[in-house]
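Raw entry.cif, mmCIF, C-alpha atoms:
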```
data_run
#
loop_
_atom_site.label_atom_id
_atom_site.label_comp_id
_atom_site.auth_asym_id
_atom_site.auth_seq_id
_atom_site.Cartn_x
_atom_site.Cartn_y
_atom_site.Cartn_z
CA MET A 1038 -4.64 61.80 -17.26
CA LEU A 1039 -7.02 60.13 -14.85
CA GLU A 1040 -9.99 61.91 -16.37
CA ASN A 1041 -8.99 60.74 -19.86
CA ARG A 1042 -8.68 57.19 -18.54
CA LYS A 1043 -12.16 57.37 -17.00
CA LEU A 1044 -13.56 58.68 -20.26
CA GLU A 1045 -11.90 55.85 -22.16
CA LEU A 1046 -13.31 53.27 -19.79
CA LEU A 1047 -16.76 54.79 -20.14
CA ASP A 1048 -16.36 54.71 -23.90
CA TYR A 1049 -15.71 50.99 -23.72
CA LEU A 1050 -18.76 50.52 -21.52
CA VAL A 1051 -20.88 52.53 -23.96
CA LEU A 1052 -19.53 50.34 -26.76
CA LEU A 1053 -20.52 47.14 -24.94
CA VAL A 1054 -23.98 48.49 -24.11
CA ARG A 1055 -24.47 49.47 -27.75
CA TRP A 1056 -23.65 45.91 -28.83
CA LYS A 1057 -25.44 44.22 -25.93
CA ASN A 1058 -27.92 42.38 -28.16
CA VAL A 1059 -25.10 40.90 -30.21
CA LEU A 1060 -23.16 39.93 -27.07
CA ILE A 1061 -26.19 38.29 -25.46
CA SER A 1062 -26.93 36.44 -28.71
CA VAL A 1063 -23.35 35.22 -29.00
CA PHE A 1064 -23.34 34.00 -25.38
CA LEU A 1065 -26.68 32.18 -25.66
CA LEU A 1066 -25.85 30.71 -29.06
CA SER A 1067 -22.45 29.46 -27.86
CA LEU A 1068 -23.98 28.06 -24.68
CA THR A 1069 -26.76 26.22 -26.52
CA THR A 1070 -24.55 24.96 -29.35
CA SER A 1071 -21.77 23.68 -27.09
CA TYR A 1072 -24.28 21.99 -24.78
CA LEU A 1073 -25.97 20.20 -27.67
CA ILE A 1074 -22.65 19.16 -29.20
CA ILE A 1075 -21.49 17.70 -25.90
CA ARG A 1076 -24.90 16.11 -25.35
CA PHE A 1077 -24.91 14.20 -28.65
CA THR A 1078 -21.19 13.60 -29.29
CA VAL A 1079 -19.60 12.97 -25.88
CA GLU A 1080 -20.66 9.70 -24.28
CA SER A 1081 -21.99 9.94 -20.72
CA GLU A 1082 -20.36 7.98 -17.91
CA PHE A 1083 -21.62 6.95 -14.48
CA THR A 1084 -19.47 6.29 -11.41
CA ALA A 1085 -20.17 3.66 -8.76
CA SER A 1086 -18.05 3.25 -5.61
CA SER A 1087 -17.55 0.71 -2.87
CA ILE A 1088 -16.00 1.48 0.53
CA MET A 1089 -14.12 -1.23 2.45
CA ILE A 1090 -11.90 -1.58 5.49
CA PRO A 1091 -9.24 -4.26 6.01
CA SER A 1092 -10.26 -6.91 8.51
CA ALA A 1093 -7.36 -7.35 10.95
CA GLU A 1094 -8.88 -10.58 12.25
CA ALA A 1095 -9.14 -11.97 8.73
CA ASN A 1096 -5.54 -11.16 7.81
CA ALA A 1097 -3.88 -14.54 7.42
CA MET A 1098 -0.64 -13.15 8.85
CA SER A 1099 -2.22 -11.46 11.88
CA GLY A 1100 -2.09 -14.55 14.11
CA LEU A 1101 1.59 -15.18 13.46
CA THR A 1102 2.37 -11.47 13.78
CA SER A 1103 0.56 -11.29 17.11
CA LEU A 1104 2.59 -14.20 18.47
CA LEU A 1105 5.84 -12.68 17.26
CA LYS A 1106 4.96 -9.41 18.98
CA ASP A 1107 4.33 -11.33 22.22
CA PHE A 1108 7.64 -13.16 22.00
CA SER A 1109 9.79 -10.19 21.02
CA ALA A 1110 10.46 -6.73 22.35
CA VAL A 1111 12.14 -5.64 19.10
CA MET A 1112 8.93 -5.37 17.12
CA PRO A 1113 8.35 -1.69 16.28
CA SER A 1114 5.27 -0.04 17.77
CA GLY A 1115 4.20 1.15 14.33
CA LEU A 1116 4.05 -2.34 12.85
CA GLY A 1117 0.25 -2.27 12.68
CA SER A 1118 0.11 0.87 10.56
CA SER A 1119 2.96 -0.17 8.27
CA ALA A 1120 1.32 -3.57 7.80
CA LYS A 1121 -1.92 -1.82 6.84
CA GLU A 1122 -0.13 0.36 4.32
CA SER A 1123 1.54 -2.71 2.87
CA GLU A 1124 -1.86 -4.40 2.60
CA MET A 1125 -3.31 -1.35 0.85
CA ASP A 1126 -0.47 -1.43 -1.68
CA LEU A 1127 -1.21 -5.10 -2.26
CA TYR A 1128 -4.89 -4.28 -2.92
CA ASN A 1129 -3.89 -1.77 -5.60
CA THR A 1130 -1.52 -4.26 -7.18
CA VAL A 1131 -4.27 -6.87 -7.42
CA ILE A 1132 -6.92 -4.43 -8.73
CA TYR A 1133 -4.72 -3.13 -11.56
CA SER A 1134 -3.07 -6.47 -12.36
CA ARG A 1135 -3.42 -7.87 -15.87
CA SER A 1136 -5.12 -11.03 -14.60
CA CYS A 1137 -7.78 -8.97 -12.78
CA ILE A 1138 -8.46 -6.67 -15.74
CA ASP A 1139 -8.50 -9.61 -18.13
CA SER A 1140 -11.03 -11.41 -15.93
CA LEU A 1141 -13.14 -8.25 -15.88
CA ILE A 1142 -13.09 -7.95 -19.67
CA LYS A 1143 -14.19 -11.56 -20.10
CA LYS A 1144 -16.89 -11.34 -17.45
CA PHE A 1145 -18.61 -8.26 -18.91
CA ASP A 1146 -17.53 -8.60 -22.57
CA LEU A 1147 -15.96 -5.14 -22.38
CA GLN A 1148 -13.94 -5.45 -25.57
CA ARG A 1149 -17.13 -5.69 -27.60
CA LEU A 1150 -18.88 -3.08 -25.46
CA TYR A 1151 -16.13 -0.49 -25.93
CA LYS A 1152 -15.68 -1.48 -29.59
CA ILE A 1153 -11.90 -1.84 -29.32
CA LYS A 1154 -10.20 -4.35 -31.61
CA SER A 1155 -6.93 -4.70 -29.69
CA ARG A 1156 -6.90 -6.64 -26.41
CA GLU A 1157 -4.03 -4.53 -25.11
CA GLU A 1158 -5.88 -1.30 -25.85
CA THR A 1159 -8.95 -2.68 -24.09
CA ILE A 1160 -6.91 -3.45 -20.98
CA LYS A 1161 -5.45 0.08 -20.98
CA SER A 1162 -8.90 1.60 -21.45
CA VAL A 1163 -10.46 -0.45 -18.64
CA ARG A 1164 -7.60 0.42 -16.25
CA LYS A 1165 -8.25 4.13 -16.82
CA LYS A 1166 -11.88 3.66 -15.79
CA ILE A 1167 -10.91 2.22 -12.39
CA LYS A 1168 -9.88 4.46 -9.53
CA THR A 1169 -8.74 3.44 -6.06
CA GLU A 1170 -8.27 5.64 -3.03
CA ILE A 1171 -7.08 5.28 0.56
CA THR A 1172 -8.95 7.63 2.86
CA MET A 1173 -7.60 9.37 5.95
CA GLU A 1174 -9.48 6.77 8.04
CA ASN A 1175 -7.62 3.92 6.28
CA ALA A 1176 -10.66 2.86 4.28
CA PHE A 1177 -10.11 1.47 0.79
CA VAL A 1178 -12.37 2.89 -1.95
CA VAL A 1179 -12.85 1.40 -5.41
CA SER A 1180 -14.65 3.48 -8.06
CA VAL A 1181 -15.55 2.48 -11.61
CA HIS A 1182 -16.67 4.69 -14.51
CA SER A 1183 -18.95 3.02 -17.04
CA LYS A 1184 -21.58 3.70 -19.71
CA THR A 1185 -24.59 2.71 -17.61
CA PRO A 1186 -25.33 2.98 -13.87
CA GLN A 1187 -25.98 -0.75 -13.51
CA LEU A 1188 -22.78 -1.77 -15.29
CA ALA A 1189 -20.73 0.62 -13.15
CA SER A 1190 -22.07 -0.92 -9.92
CA ASP A 1191 -21.76 -4.50 -11.24
CA ILE A 1192 -18.11 -4.03 -12.23
CA THR A 1193 -17.29 -2.39 -8.90
CA ASN A 1194 -18.84 -5.20 -6.85
CA TYR A 1195 -17.14 -7.80 -9.06
CA LEU A 1196 -13.77 -6.14 -8.39
CA VAL A 1197 -14.39 -6.22 -4.64
CA GLY A 1198 -15.21 -9.94 -4.78
CA TYR A 1199 -12.19 -10.68 -7.00
CA LEU A 1200 -9.92 -8.72 -4.66
CA ASN A 1201 -11.14 -10.61 -1.59
CA ASP A 1202 -10.70 -14.00 -3.26
CA LYS A 1203 -7.22 -13.20 -4.59
CA ILE A 1204 -5.95 -11.81 -1.27
CA ILE A 1205 -7.23 -14.90 0.55
CA GLN A 1206 -5.39 -17.12 -1.96
CA LEU A 1207 -2.16 -15.15 -1.48
CA HIS A 1208 -2.43 -15.26 2.31
CA VAL A 1209 -3.19 -18.97 2.40
CA ALA A 1210 -0.23 -19.64 0.09
CA LYS A 1211 2.01 -17.54 2.35
CA ALA A 1212 0.71 -19.31 5.46
CA ARG A 1213 1.34 -22.68 3.79
CA ASP A 1214 4.90 -21.61 2.99
CA ASN A 1215 5.44 -20.45 6.57
CA SER A 1216 3.96 -23.68 7.91
CA LEU A 1217 6.38 -25.74 5.82
CA PHE A 1218 9.32 -23.61 6.95
CA LEU A 1219 8.35 -23.87 10.64
CA SER A 1220 7.62 -27.58 10.32
CA GLU A 1221 11.16 -28.22 9.10
CA ARG A 1222 12.62 -26.16 11.95
CA TYR A 1223 10.36 -27.94 14.44
CA GLU A 1224 11.56 -31.38 13.36
CA GLU A 1225 15.21 -30.27 13.39
CA ILE A 1226 14.91 -28.84 16.91
CA LYS A 1227 13.13 -31.94 18.25
CA LYS A 1228 15.98 -34.13 16.96
CA SER A 1229 18.62 -31.73 18.32
CA LEU A 1230 16.93 -31.61 21.73
CA ALA A 1231 16.74 -35.40 21.92
CA SER A 1232 20.42 -35.67 20.96
CA ALA A 1233 21.41 -33.03 23.55
CA GLU A 1234 19.46 -34.83 26.28
CA ASP A 1235 21.13 -38.13 25.38
CA SER A 1236 24.57 -36.50 25.49
CA LEU A 1237 23.90 -34.95 28.91
CA GLU A 1238 22.63 -38.27 30.25
CA ALA A 1239 25.68 -40.13 28.90
CA PHE A 1240 28.03 -37.56 30.48
CA GLN A 1241 26.25 -37.85 33.82
CA GLU A 1242 26.47 -41.66 33.78
CA LYS A 1243 30.14 -41.57 32.79
CA THR A 1244 31.30 -38.98 35.30
CA GLY A 1245 28.77 -39.40 38.06
CA ILE A 1246 28.12 -35.66 37.99
CA PHE A 1247 24.38 -35.23 37.99
CA GLU A 1248 24.47 -31.51 38.90
CA ALA A 1249 27.14 -28.84 39.09
CA THR A 1250 28.58 -27.89 42.43
CA GLN A 1251 26.83 -25.18 44.39
CA GLN A 1252 29.62 -22.74 43.53
CA ALA A 1253 29.38 -23.32 39.77
CA HIS A 1254 25.61 -23.71 39.65
CA ALA A 1255 24.81 -19.97 39.47
CA THR A 1256 27.35 -19.39 36.68
CA ILE A 1257 26.12 -22.34 34.63
CA GLU A 1258 22.46 -21.37 35.02
CA SER A 1259 23.16 -17.73 34.12
CA PHE A 1260 25.16 -18.50 31.00
CA ALA A 1261 22.78 -21.25 29.91
CA LYS A 1262 19.94 -18.73 30.15
CA LEU A 1263 21.94 -16.10 28.20
CA GLU A 1264 22.84 -18.52 25.43
CA SER A 1265 19.35 -19.98 25.18
CA ASP A 1266 17.94 -16.46 24.89
CA LEU A 1267 20.52 -15.71 22.21
CA ALA A 1268 19.55 -18.86 20.29
CA VAL A 1269 15.87 -17.90 20.49
CA LYS A 1270 16.72 -14.45 19.09
CA GLN A 1271 18.59 -16.11 16.21
CA VAL A 1272 15.60 -18.29 15.39
CA GLU A 1273 13.27 -15.33 15.82
CA TYR A 1274 15.29 -13.29 13.31
CA SER A 1275 15.18 -16.24 10.92
CA VAL A 1276 11.36 -16.43 11.22
CA LEU A 1277 10.91 -12.67 10.86
CA SER A 1278 13.10 -12.64 7.75
CA LYS A 1279 10.98 -15.41 6.27
CA VAL A 1280 7.66 -13.73 7.13
CA TYR A 1281 8.48 -10.09 6.38
CA GLY A 1282 11.60 -10.29 4.20
CA GLU A 1283 15.21 -9.60 5.17
CA ASN A 1284 15.05 -5.91 4.22
CA SER A 1285 11.88 -5.07 6.17
CA PRO A 1286 12.11 -2.67 9.16
CA THR A 1287 10.90 -5.46 11.46
CA SER A 1288 13.67 -7.85 10.39
CA SER A 1289 16.29 -5.07 10.51
CA ASN A 1290 15.34 -4.22 14.10
CA ALA A 1291 15.51 -7.88 15.06
CA LYS A 1292 18.95 -8.20 13.46
CA ILE A 1293 20.30 -5.17 15.37
CA SER A 1294 18.93 -6.54 18.64
CA LEU A 1295 20.48 -9.94 17.91
CA GLN A 1296 23.91 -8.49 17.16
CA GLU A 1297 23.94 -6.35 20.31
CA TYR A 1298 22.82 -9.25 22.48
CA GLU A 1299 25.47 -11.50 20.94
CA LYS A 1300 28.18 -8.96 21.79
CA THR A 1301 26.97 -8.81 25.39
CA VAL A 1302 26.96 -12.60 25.80
CA ASN A 1303 30.47 -12.96 24.33
CA ARG A 1304 31.78 -10.18 26.57
CA LEU A 1305 30.37 -11.83 29.70
CA LYS A 1306 31.66 -15.27 28.73
CA ASN A 1307 35.20 -13.99 28.27
CA SER A 1308 35.18 -11.70 31.30
CA GLN A 1309 38.08 -12.06 33.77
CA ASP A 1310 36.43 -9.85 36.39
CA ARG A 1311 35.97 -12.07 39.47
CA SER A 1312 34.19 -9.31 41.34
CA SER A 1313 31.27 -9.55 38.91
CA VAL A 1314 28.04 -11.21 40.00
CA VAL A 1315 28.44 -13.71 37.14
CA VAL A 1316 32.05 -14.73 36.64
CA GLY A 1317 33.45 -15.88 33.30
CA LEU A 1318 33.36 -19.50 32.18
CA SER A 1319 37.14 -19.75 32.42
CA SER A 1320 36.84 -19.77 36.21
CA LEU A 1321 34.88 -23.05 36.23
CA PRO A 1322 36.54 -26.43 36.89
CA GLN A 1323 37.15 -28.59 33.81
CA LYS A 1324 34.36 -31.09 34.58
CA ALA A 1325 31.95 -28.25 35.30
CA LYS A 1326 32.77 -26.79 31.87
CA TYR A 1327 31.86 -30.10 30.19
CA TYR A 1328 28.70 -30.30 32.26
CA TYR A 1329 27.85 -26.73 31.21
CA LYS A 1330 28.31 -27.62 27.54
CA TYR A 1331 25.81 -30.49 27.64
CA TYR A 1332 23.40 -28.71 29.98
CA ARG A 1333 23.49 -25.56 27.80
CA ASP A 1334 22.59 -27.51 24.65
CA VAL A 1335 19.54 -29.04 26.36
CA LYS A 1336 18.50 -25.62 27.67
CA ILE A 1337 18.91 -23.95 24.26
CA PHE A 1338 16.91 -26.48 22.26
CA ASP A 1339 14.22 -26.61 24.92
CA GLU A 1340 13.81 -22.80 24.75
CA ILE A 1341 13.79 -22.79 20.95
CA LEU A 1342 11.17 -25.53 20.90
CA GLY A 1343 9.01 -23.44 23.25
CA PHE A 1344 9.33 -20.57 20.79
CA ILE A 1345 8.68 -22.56 17.61
CA VAL A 1346 5.74 -24.74 18.67
CA PRO A 1347 3.14 -21.92 19.07
CA LEU A 1348 4.26 -20.37 15.78
CA TYR A 1349 4.01 -23.71 14.01
CA GLU A 1350 0.53 -24.36 15.39
CA GLN A 1351 -0.60 -20.84 14.44
CA SER A 1352 0.73 -21.20 10.89
CA LYS A 1353 -1.24 -24.45 10.45
CA PHE A 1354 -4.35 -22.64 11.67
CA ASP A 1355 -3.73 -19.68 9.33
CA GLU A 1356 -3.39 -22.08 6.43
CA GLN A 1357 -7.06 -23.05 6.83
CA ARG A 1358 -8.47 -19.52 7.17
CA THR A 1359 -10.64 -18.41 4.24
CA VAL A 1360 -12.68 -15.59 5.80
CA PRO A 1361 -13.02 -12.35 3.77
CA VAL A 1362 -10.05 -10.03 4.08
CA LEU A 1363 -12.04 -6.88 3.35
CA GLN A 1364 -15.20 -5.85 5.16
CA VAL A 1365 -17.53 -3.99 2.80
CA ILE A 1366 -18.96 -0.89 4.48
CA ASP A 1367 -20.83 0.40 1.41
CA ALA A 1368 -21.43 -1.89 -1.56
CA ALA A 1369 -21.66 -0.23 -4.96
CA VAL A 1370 -25.17 0.76 -6.11
CA PRO A 1371 -26.27 2.16 -9.50
CA PRO A 1372 -25.68 5.95 -9.41
CA GLU A 1373 -28.64 8.21 -10.14
CA LYS A 1374 -26.65 10.94 -11.89
CA LYS A 1375 -23.91 10.87 -14.49
CA SER A 1376 -20.38 11.83 -13.45
CA PHE A 1377 -19.04 12.78 -16.90
CA PRO A 1378 -19.09 15.00 -18.87
CA PRO A 1379 -20.09 18.12 -16.84
CA ARG A 1380 -22.11 19.58 -19.74
CA THR A 1381 -23.33 22.76 -18.04
CA ILE A 1382 -19.90 23.76 -16.73
CA VAL A 1383 -18.12 23.06 -20.01
CA SER A 1384 -20.82 24.89 -21.97
CA LEU A 1385 -20.58 27.93 -19.67
CA VAL A 1386 -16.80 28.00 -20.10
CA ILE A 1387 -17.07 27.82 -23.90
CA ALA A 1388 -19.80 30.48 -23.98
CA SER A 1389 -17.75 32.77 -21.72
CA LEU A 1390 -14.66 32.39 -23.89
CA SER A 1391 -16.73 33.15 -27.00
CA LEU A 1392 -18.14 36.26 -25.34
CA LEU A 1393 -14.68 37.46 -24.32
CA PHE A 1394 -13.43 36.94 -27.86
CA VAL A 1395 -16.27 39.06 -29.29
CA VAL A 1396 -15.73 41.79 -26.66
CA PHE A 1397 -12.03 41.86 -27.50
CA PHE A 1398 -12.84 42.05 -31.21
CA LEU A 1399 -15.27 44.97 -30.71
CA ILE A 1400 -12.81 46.93 -28.54
CA LEU A 1401 -9.97 46.33 -31.00
CA ARG A 1402 -12.19 47.32 -33.91
CA ASN A 1403 -13.22 50.54 -32.13
CA LEU A 1404 -9.59 51.39 -31.33
CA LEU A 1405 -8.50 50.91 -34.92
CA ALA A 1406 -11.43 52.93 -36.24
CA SER A 1407 -10.96 55.91 -33.91
CA SER A 1408 -7.16 56.05 -33.86
CA THR A 1409 -5.33 58.91 -35.66
CA ASN A 1410 -1.94 57.29 -35.26
CA PRO A 1411 -0.27 57.17 -38.73
CA LYS A 1412 1.12 53.71 -37.97
CA ILE A 1413 -2.38 52.41 -37.34
CA SER A 1414 -3.53 53.97 -40.61
CA LEU A 1415 -0.66 52.23 -42.43
CA ILE A 1416 -1.58 48.90 -40.87
CA LYS A 1417 -5.25 49.28 -41.90
CA LYS A 1418 -4.20 50.23 -45.43
CA ASP A 1419 -1.73 47.37 -46.00
CA LEU A 1420 -3.30 44.65 -43.81
CA PHE A 1421 -5.08 42.87 -46.68
CA HIS A 1422 -2.78 44.07 -49.47
CA PHE A 1423 -0.59 41.27 -50.82
CA GLY A 1424 0.91 42.93 -53.88
CA ASN A 1425 4.41 44.44 -54.28
CA SER A 1426 4.94 47.81 -52.62
#
```

Show me this structure written as structure tokens.
Amino acid sequence: MLENRKLELLDYLVLLVRWKNVLISVFLLSLTTSYLIIRFTVESEFTASSIMIPSAEANAMSGLTSLLKDFSAVMPSGLGSSAKESEMDLYNTVIYSRSCIDSLIKKFDLQRLYKIKSREETIKSVRKKIKTEITMENAFVVSVHSKTPQLASDITNYLVGYLNDKIIQLHVAKARDNSLFLSERYEEIKKSLASAEDSLEAFQEKTGIFEATQQAHATIESFAKLESDLAVKQVEYSVLSKVYGENSPTSSNAKISLQEYEKTVNRLKNSQDRSSVVVGLSSLPQKAKYYYKYYRDVKIFDEILGFIVPLYEQSKFDEQRTVPVLQVIDAAVPPEKKSFPPRTIVSLVIASLSLLFVVFFLILRNLLASSTNPKISLIKKDLFHFGNS
């Protein structure tokens, strides 16, 4: 059985050698024809790329974020990386936005260049010629395919400039919004602090109590500190929700921290345990309780003001920042070689498929010719017969 198989394989090899001139001709003809067809019918494209990295110093939110990280221990350690990923997503959104593509079409008259009548179809076509990529090193790469090397590099560099300008506009608008929000809080807190100070002063003049007794002083100071810290956490959560959004991981962490701290403060305030270092407020004399109320309000608004002022000043500074957001590592240059189509590879594939088809045809033809199987004979007899049997 094995010997017969070897003989059959050798027969096939003999068959291919016998027809080698035909096979070589078919391969070369297919290779040449397909190459020429691709050469004269498929339009060549060139690809230009630009490599950029986000500038942390230029990020209009970085100053405010840095201050928030200094003030709070609830900021996640991975905030920097998640912020970068969010920025990268924003870059993609801007690059593929309709306004960006439309600006590109107008700038380089692409609708006429690509000979597309519909504006919508032009936008779709241009989008397909733009590719963005985020590398493992967190670099942002923009690539553009176009008809000529110069046009490919010009479009790529235009996109980089457009992206920088648009991101700066968005950041400045966000900083302006934050500045307005913090300004309103700043004015509210200043008025509340002034009112609290006036109330404490009026109480002191009315009662003659200018400071709590030595016994109550530690309790008042401790609870005033706890409540002022709690108030700062509430304001901090409000700021974080405004800056990052209520559903962001940063805001969620701040909310959890706030809730847990609030539970702790309420538990200590209502504690009846007199053996504790800080006794509950219920143990204080009535006048000391009133003094605590006014003193606490002053302490709270003073702490909040200390938290808000640096953020407010930073937001006003961020509002004026117009430095580039992206640092260009490699600007796009006209490519020397085309990127599409890969004529040689496609031609080799077509020529190889043509050769395989001819080899298959020759082997099949030889099998049919040499077979003594009556079924094969019947097939050969009736294959091209279309009359009634």

Selected residue, from A:Ala1189, A:Val1054, A:Leu1207, A:Ala1368, that lies nearest to Ser1087 of chain A when counting all atoms listed in the file: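 Closest residue, counting all atoms listed in the file: A:Ala1368.
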
Specify as a ChimeraX atom specification each residue included when the PyMOL selection byres ((chain A and resi 1341) around 12) is applied to this file. /A:1108,1219,1222-1227,1229-1230,1262,1264-1273,1276,1334-1340,1342-1348

The selected residues should be written to file as a PDB file, in the frame of the given file (atoms: C-alpha atoms).
```pdb
ATOM      1  CA  PHE A1108       7.640 -13.160  22.000  1.00  0.00           C
ATOM      2  CA  LEU A1219       8.350 -23.870  10.640  1.00  0.00           C
ATOM      3  CA  ARG A1222      12.620 -26.160  11.950  1.00  0.00           C
ATOM      4  CA  TYR A1223      10.360 -27.940  14.440  1.00  0.00           C
ATOM      5  CA  GLU A1224      11.560 -31.380  13.360  1.00  0.00           C
ATOM      6  CA  GLU A1225      15.210 -30.270  13.390  1.00  0.00           C
ATOM      7  CA  ILE A1226      14.910 -28.840  16.910  1.00  0.00           C
ATOM      8  CA  LYS A1227      13.130 -31.940  18.250  1.00  0.00           C
ATOM      9  CA  SER A1229      18.620 -31.730  18.320  1.00  0.00           C
ATOM     10  CA  LEU A1230      16.930 -31.610  21.730  1.00  0.00           C
ATOM     11  CA  LYS A1262      19.940 -18.730  30.150  1.00  0.00           C
ATOM     12  CA  GLU A1264      22.840 -18.520  25.430  1.00  0.00           C
ATOM     13  CA  SER A1265      19.350 -19.980  25.180  1.00  0.00           C
ATOM     14  CA  ASP A1266      17.940 -16.460  24.890  1.00  0.00           C
ATOM     15  CA  LEU A1267      20.520 -15.710  22.210  1.00  0.00           C
ATOM     16  CA  ALA A1268      19.550 -18.860  20.290  1.00  0.00           C
ATOM     17  CA  VAL A1269      15.870 -17.900  20.490  1.00  0.00           C
ATOM     18  CA  LYS A1270      16.720 -14.450  19.090  1.00  0.00           C
ATOM     19  CA  GLN A1271      18.590 -16.110  16.210  1.00  0.00           C
ATOM     20  CA  VAL A1272      15.600 -18.290  15.390  1.00  0.00           C
ATOM     21  CA  GLU A1273      13.270 -15.330  15.820  1.00  0.00           C
ATOM     22  CA  VAL A1276      11.360 -16.430  11.220  1.00  0.00           C
ATOM     23  CA  ASP A1334      22.590 -27.510  24.650  1.00  0.00           C
ATOM     24  CA  VAL A1335      19.540 -29.040  26.360  1.00  0.00           C
ATOM     25  CA  LYS A1336      18.500 -25.620  27.670  1.00  0.00           C
ATOM     26  CA  ILE A1337      18.910 -23.950  24.260  1.00  0.00           C
ATOM     27  CA  PHE A1338      16.910 -26.480  22.260  1.00  0.00           C
ATOM     28  CA  ASP A1339      14.220 -26.610  24.920  1.00  0.00           C
ATOM     29  CA  GLU A1340      13.810 -22.800  24.750  1.00  0.00           C
ATOM     30  CA  LEU A1342      11.170 -25.530  20.900  1.00  0.00           C
ATOM     31  CA  GLY A1343       9.010 -23.440  23.250  1.00  0.00           C
ATOM     32  CA  PHE A1344       9.330 -20.570  20.790  1.00  0.00           C
ATOM     33  CA  ILE A1345       8.680 -22.560  17.610  1.00  0.00           C
ATOM     34  CA  VAL A1346       5.740 -24.740  18.670  1.00  0.00           C
ATOM     35  CA  PRO A1347       3.140 -21.920  19.070  1.00  0.00           C
ATOM     36  CA  LEU A1348       4.260 -20.370  15.780  1.00  0.00           C
TER      37      LEU A1348
END
```

Take the PyMOL selection byres ((chain A and resi 1203) around 12), apply it to the structure above, and return the hits as an MDAnalysis selection string. chainID A and resid 1127:1132 1134 1136:1137 1196:1202 1204:1210 1359:1363

Quick one: residues within 12 Å of (-5.8, 0.4, -22.4) (file frame), counting all atoms listed in the file, please, as a ChimeraX atom specification. /A:1133,1135,1138-1139,1142,1147-1148,1151,1153-1167

Compare A:Glu1238, A:Arg1304, A:Pro1091, A:Leu1399 by their minimum atom-to-atom distance to Lys1057 of chain A, counting only C-alpha atoms, and give me the closest one.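 So, comparing all the options, the nearest one is A:Leu1399.
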
Residues picked by the PyMOL selection byres ((chain A and resi 1382-1385) around 8) here, as a list in words? Ser1067, Leu1068, Thr1069, Ser1071, Tyr1072, Pro1379, Arg1380, Thr1381, Val1386, Ile1387, Ala1388 and Ser1389 of chain A

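Considering all atoms listed in the file, the residue among A:Ile1192, A:Ala1176, A:Leu1073, A:Ile1090 positioned nearest to Ala1369 of chain A is A:Ile1192.
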
Just how far from atom CA of Glu1124 of chain A is atom CA of Val1179 of chain A, in Å to one decimal?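 Distance between the two atoms: 14.8 Å.
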
Using only C-alpha atoms, find the one residue out of A:Ser1092, A:Thr1185, A:Ala1291, A:Asn1284 that sits nearest to Glu1080 of chain A.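 Nearest candidate to Glu1080 of chain A out of A:Ser1092, A:Thr1185, A:Ala1291, A:Asn1284: A:Thr1185.
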
Two-atom distance - atom CA of Tyr1332 of chain A, atom CA of Tyr1274 of chain A (Å): 24.1 Å

From atom CA of Leu1188 of chain A to atom CA of Leu1150 of chain A the spacing works out at 11.0 Å

Using only C-alpha atoms, pick whichever of A:Met1089, A:Thr1172, A:Ala1233, A:Thr1193 has the shortest atom-to-atom distance to Lys1330 of chain A.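 Closest to Lys1330 of chain A of all the choices is A:Ala1233.
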
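Checking A:Arg1402, A:Lys1300, A:Arg1213, A:Lys1375 one by one against Ser1183 of chain A, counting only C-alpha atoms, you find the shortest gap at A:Lys1375.
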